[in-house]
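Student: After the structure tokens below, expect a handful of questions from me.
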Amino acid sequence: MAQQVYIFDTTLRDGEQVPGCKLNTKEKLDLALKLEALGVDIIEAGFPVSSPGDFESVAQIAQAVKNATVCGLTRAVQKDIEVAAQALKYAKRPRIHTGIGTSDLHIKAKFNTTREEILERAVQAVKWARNFTDDVEFYAEDAGRTDNEYLATVVEAVIRAGATVVNIPDTTGYCLPHQYGEKIAFLRNNVSNIDKAVISCHCHNDLGLATANSIAGVLNGARQIECTINGLGERAGNTSLEEVVMILKQHKDLGYYTNVNARELNPLSREVSEVMRMPVQPNKAIVGANAFSHSSGIHQDGFLKDAQTYEIISPDEVGADGSRIVLTARSGRSALAHRFQKLGYQYTRNDIDVLYGSFLQVADKKKEVDEQDLHQLAKAYKPEE
Ligand code: KIV
Ligand code: ZN
């Protein structure tokens, strides 16, 4: 039987940390309701202690969202946890997400302390959070660069203290997929109480590996993926929600599913891009403007014979506008005939052969041949009697 992978959306927290992406309470609330409608399991609504505005946003989201768990981030600090608990007071399903850096670099450079002291702070934070909710997630920041033996000790201790989810962030996007997968496998094999908690992947994209690492995590036993719409997030971003959802959907043979309604992926991607004023790169998988565009003659010809030759996903499955046959100097005759036909011109093969020569002359001077150009070409074309 297929197993569920929980989708933990952090667009409103890690995504909103991106310079220029800050949202006001109304914008956050609107997006939270849309994320709920999308079918994500957990919405990380913000970092309540960080500002009065974020506290208010988390509080309003906690009240409005009914189906998804609403989560607030904290450091392993008593005050942070109390403020988060206060913001989440009216949530139907509140989760406190607390944690601390566990790599030697973080322990020395950020906290100037020892592994023992960090372990103690981690345990105290989880115990404190459990006073307010029985859904406590612990993050071991920079787990990607944390020694596996020590990480296992921390994970075992926080689960004993009451953590129900253990988040293993590759905070700096450093790991290779096999390394991240091995880390998760190591925890599964070396933490005696690991079955009492869900393992979560939280990957950053500094080397472009966030999605691959998250999937490697799932293949090795993780059952929650932390991700954002359009892959927004600190620096090069977080794991892209649309990518992991569609990977698990496309590769059903792996035996996993999510509750995300894929048809909402493109509409929500556009909405997030607009409200955060963060354009989506055209070649972005699933939601980029070119994700379903075909421009070279070889591809266009195959696509027009059978869409599946060059599309593994149909655009309506992910709520995209549809496939596009783009005309450029690399396009072929089938694409030209197709586009003329769509404009109502009925040309024979001979007509297209002649028109193709004039088309290439226009195409060589432009990035893309548009409808206007096609009408001009049709107007200038005089078929031989
Ligand atoms: O990247 C990270 O380590 C984080 C934690 C705060 C979960 O965002
Ligand atoms: Zn992060």
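Each chain in the structure tokens gets a letter, A, B and so on, in the order shown; residues start at 1 in every chain, and ligands are counted from 1 in the order they appear.
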Quick one: residues within 8 Å of ligand 2, with only C-alpha atoms and all ligand atoms, as a PyMOL selection string?
Tutor: chain A and resi 14+169-171+202-204+233-234+238
Student: Please return, as a PyMOL selection string, all residues of range 195-293 of chain A that DSSP assigns to strand (DSSP E or B) on the basis of the backbone.
Tutor: chain A and resi 198-204+224-228+238+240+256-257+293
Student: Taking only range 75-168 of chain A into account, list the residues labelled alpha helix (DSSP H) by DSSP (computed from the backbone), as a ChimeraX atom specification.
Tutor: /A:78-87,104-105,115-129,148-161
Student: Using only C-alpha atoms, which residues sit within 8 Å of range 88-105 of chain A once same-chain residues fewer than 2 positions away are excluded, as a VMD selection string?
Tutor: chain A and resid 58 to 59 62 to 63 65 to 66 68 to 76 81 84 to 86 107 to 110 115 118 122 125 to 126 129 133 to 143 145 to 147 151
Student: Take the residues from that selection and write them out as a PDB file, in the first residue's frame, keeping C-alpha atoms.
Tutor:
ATOM      1  CA  VAL A  58       0.354  33.484  12.809  1.00  0.00           C
ATOM      2  CA  ALA A  59      -2.514  34.148  15.237  1.00  0.00           C
ATOM      3  CA  ALA A  62      -4.214  29.747  13.392  1.00  0.00           C
ATOM      4  CA  GLN A  63      -7.823  30.844  13.796  1.00  0.00           C
ATOM      5  CA  VAL A  65      -7.206  27.405   9.003  1.00  0.00           C
ATOM      6  CA  LYS A  66      -9.213  24.329   9.934  1.00  0.00           C
ATOM      7  CA  ALA A  68      -4.125  21.823   8.015  1.00  0.00           C
ATOM      8  CA  THR A  69      -1.828  21.867  11.037  1.00  0.00           C
ATOM      9  CA  VAL A  70      -0.586  25.406  11.714  1.00  0.00           C
ATOM     10  CA  CYS A  71       3.004  25.671  12.823  1.00  0.00           C
ATOM     11  CA  GLY A  72       5.096  28.446  14.361  1.00  0.00           C
ATOM     12  CA  LEU A  73       8.899  28.533  14.382  1.00  0.00           C
ATOM     13  CA  THR A  74      10.973  29.198  17.493  1.00  0.00           C
ATOM     14  CA  ARG A  75      14.571  29.048  18.596  1.00  0.00           C
ATOM     15  CA  ALA A  76      15.328  26.733  21.523  1.00  0.00           C
ATOM     16  CA  ILE A  81       8.225  28.985  22.625  1.00  0.00           C
ATOM     17  CA  ALA A  84       4.581  30.825  19.591  1.00  0.00           C
ATOM     18  CA  ALA A  85       2.200  28.947  21.884  1.00  0.00           C
ATOM     19  CA  GLN A  86       0.280  32.172  22.459  1.00  0.00           C
ATOM     20  CA  ILE A 107      28.034  25.089  18.109  1.00  0.00           C
ATOM     21  CA  LYS A 108      31.342  26.997  18.128  1.00  0.00           C
ATOM     22  CA  ALA A 109      30.680  30.016  15.905  1.00  0.00           C
ATOM     23  CA  LYS A 110      27.077  30.786  16.850  1.00  0.00           C
ATOM     24  CA  ARG A 115      27.877  19.553  22.144  1.00  0.00           C
ATOM     25  CA  ILE A 118      23.437  22.034  22.883  1.00  0.00           C
ATOM     26  CA  ALA A 122      17.471  20.924  22.676  1.00  0.00           C
ATOM     27  CA  ALA A 125      13.169  23.295  24.456  1.00  0.00           C
ATOM     28  CA  VAL A 126      11.179  20.234  23.404  1.00  0.00           C
ATOM     29  CA  ALA A 129       7.065  23.150  24.021  1.00  0.00           C
ATOM     30  CA  THR A 133       0.911  21.162  22.483  1.00  0.00           C
ATOM     31  CA  ASP A 134       1.470  17.478  21.889  1.00  0.00           C
ATOM     32  CA  ASP A 135       2.658  18.217  18.333  1.00  0.00           C
ATOM     33  CA  VAL A 136       6.276  19.343  18.659  1.00  0.00           C
ATOM     34  CA  GLU A 137       8.751  19.320  15.805  1.00  0.00           C
ATOM     35  CA  PHE A 138      12.459  19.617  16.532  1.00  0.00           C
ATOM     36  CA  TYR A 139      14.958  20.932  13.948  1.00  0.00           C
ATOM     37  CA  ALA A 140      18.672  20.178  14.135  1.00  0.00           C
ATOM     38  CA  GLU A 141      19.885  23.200  12.211  1.00  0.00           C
ATOM     39  CA  ASP A 142      22.773  22.461   9.822  1.00  0.00           C
ATOM     40  CA  ALA A 143      22.128  18.732  10.218  1.00  0.00           C
ATOM     41  CA  ARG A 145      27.021  19.179   8.152  1.00  0.00           C
ATOM     42  CA  THR A 146      26.452  17.594  11.564  1.00  0.00           C
ATOM     43  CA  ASP A 147      28.392  14.492  12.567  1.00  0.00           C
ATOM     44  CA  LEU A 151      23.005  13.909  15.338  1.00  0.00           C
TER      45      LEU A 151
END
Student: Please indicate the distance in Å from CA of Thr113 in chain A to CA of Phe47 in chain A, rounded to one decimal place.
Tutor: 24.6 Å
Student: Which one of A:Val191, A:Ala378, A:Leu327, A:Leu23 sits closest to Gln300 in chain A if you count only C-alpha atoms?
Tutor: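 Closest to Gln300 in chain A, using only C-alpha atoms: A:Leu327.
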Student: Tell me, as a compact mmCIF listing (two decimals) with N, CA and C atoms, in the first residue's frame, which residues lie within 8 Å of Gly231 in chain A, counting only C-alpha atoms; anything in the same chain fewer than 5 positions away does not count.
Tutor:
# COMPACT_ATOMS: atom_id res chain seq x y z
N GLY A 15 10.12 30.95 3.02
CA GLY A 15 9.92 31.65 1.74
C GLY A 15 9.84 33.16 1.94
N GLY A 237 17.08 29.30 -2.17
CA GLY A 237 15.73 28.78 -1.97
C GLY A 237 15.67 27.43 -1.27
N ASN A 238 14.42 27.00 -1.08
CA ASN A 238 14.12 25.71 -0.45
C ASN A 238 13.69 24.71 -1.52
N THR A 239 13.40 23.51 -1.08
CA THR A 239 12.83 22.51 -1.97
C THR A 239 11.53 23.06 -2.54
N SER A 240 11.35 22.82 -3.83
CA SER A 240 10.17 23.35 -4.50
C SER A 240 9.00 22.37 -4.32
N LEU A 241 7.91 22.88 -3.77
CA LEU A 241 6.74 22.03 -3.47
C LEU A 241 6.24 21.33 -4.73
Student: Please measure the separation of CA of Lys127 in chain A and CA of Tyr6 in chain A, giving the value in Å to one decimal.
Tutor: 23.9 Å
Student: Tell me which protein, DNA and RNA residues are within 6 Å of Ser296 in chain A, counting only C-alpha atoms, leaving out same-chain ones fewer than 3 positions away, and put them as a ChimeraX atom specification.
Tutor: /A:299,330-331
Student: Taking only C-alpha atoms and all ligand atoms into account, which of A:Cys21, A:Met1, A:Ala236, A:Asn148 comes nearest ligand 1?
Tutor: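 Going through A:Cys21, A:Met1, A:Ala236, A:Asn148 one by one, the smallest distance to ligand 1 is for A:Ala236.
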Student: List the spatial neighbours of Phe292 in chain A as a list in words - criterion: any atom at most 7 Å away, only C-alpha atoms, same-chain residues fewer than 5 positions off excluded.
Tutor: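 These residues fall inside the cut-off: Pro315, Gly322, Ser323 and Arg324 of chain A.
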Student: Could you check which of A:Thr153, A:Ser358, A:Asn24, A:Asn167 is closest to ligand 1, using only C-alpha atoms and all ligand atoms?
Tutor: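 Looking at the shortest contact to ligand 1, the residue is A:Asn167.
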Student: Can you list every residue of range 214-264 of chain A that has an atom at most 9 Å from range 27-39 of chain A, with its nearest atom pair and the distance in Å to one decimal, using only C-alpha atoms, ordered by chain then number, as JSON lines?
Tutor:
{"residue": "A:Thr258", "atom": "CA", "partner": "A:Gly39", "partner_atom": "CA", "distance": 8.5}
{"residue": "A:Asn259", "atom": "CA", "partner": "A:Gly39", "partner_atom": "CA", "distance": 5.5}
{"residue": "A:Val260", "atom": "CA", "partner": "A:Gly39", "partner_atom": "CA", "distance": 4.5}
{"residue": "A:Asn261", "atom": "CA", "partner": "A:Leu38", "partner_atom": "CA", "distance": 5.4}
{"residue": "A:Ala262", "atom": "CA", "partner": "A:Leu38", "partner_atom": "CA", "distance": 7.7}
{"residue": "A:Arg263", "atom": "CA", "partner": "A:Leu38", "partner_atom": "CA", "distance": 8.5}
{"residue": "A:Glu264", "atom": "CA", "partner": "A:Leu38", "partner_atom": "CA", "distance": 6.0}
Student: With distances taken over only C-alpha atoms and all ligand atoms, which residue among A:Tyr381, A:Trp128, A:Tyr356, A:Phe8 lies nearest ligand 1?
Tutor: A:Phe8
Student: In Å, how far is it from CA of Glu117 in chain A to CA of Ala87 in chain A?
Tutor: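 Computing the Euclidean distance for CA of Glu117 in chain A and CA of Ala87 in chain A yields 28.4 Å.
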Student: Using only C-alpha atoms and all ligand atoms, which of A:Pro52, A:Arg235, A:Thr211, A:Gly20 sits nearest ligand 1?
Tutor: A:Arg235
Student: Need the shell around Asp253 in chain A: protein/DNA/RNA residues with any atom at most 12 Å away, counting only C-alpha atoms. Skip same-chain ones fewer than 5 positions apart. Format as a PyMOL selection string?
Tutor: chain A and resi 1-3+219+247-248
Student: With N, CA and C atoms retained, export the selected residues as an mmCIF file, in the first residue's frame.
Tutor:
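Output file selection_10.cif follows:
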data_model
loop_
_atom_site.group_PDB
_atom_site.id
_atom_site.type_symbol
_atom_site.label_atom_id
_atom_site.label_comp_id
_atom_site.auth_asym_id
_atom_site.auth_seq_id
_atom_site.Cartn_x
_atom_site.Cartn_y
_atom_site.Cartn_z
ATOM 1 N N MET A 1 0.839 -1.212 0.000
ATOM 2 C CA MET A 1 0.000 0.000 0.000
ATOM 3 C C MET A 1 0.873 1.262 0.000
ATOM 4 N N ALA A 2 0.421 2.245 -0.791
ATOM 5 C CA ALA A 2 1.212 3.484 -0.866
ATOM 6 C C ALA A 2 1.222 4.201 0.490
ATOM 7 N N GLN A 3 2.328 4.835 0.773
ATOM 8 C CA GLN A 3 2.451 5.550 2.053
ATOM 9 C C GLN A 3 2.386 7.055 1.821
ATOM 10 N N LEU A 219 13.193 8.302 0.198
ATOM 11 C CA LEU A 219 13.544 6.922 -0.178
ATOM 12 C C LEU A 219 14.271 6.192 0.956
ATOM 13 N N ILE A 247 6.995 14.687 -8.577
ATOM 14 C CA ILE A 247 7.905 13.526 -8.660
ATOM 15 C C ILE A 247 7.214 12.312 -8.035
ATOM 16 N N LEU A 248 6.623 12.512 -6.856
ATOM 17 C CA LEU A 248 5.978 11.366 -6.191
ATOM 18 C C LEU A 248 4.754 10.903 -6.970
#
Student: My list of candidates is A:Phe55, A:Phe132, A:Phe111, A:Tyr174. Which is closest to ligand 1 when distances are computed with only C-alpha atoms and all ligand atoms?
Tutor: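 Looking only at the distances to ligand 1, the closest residue turns out to be A:Tyr174.
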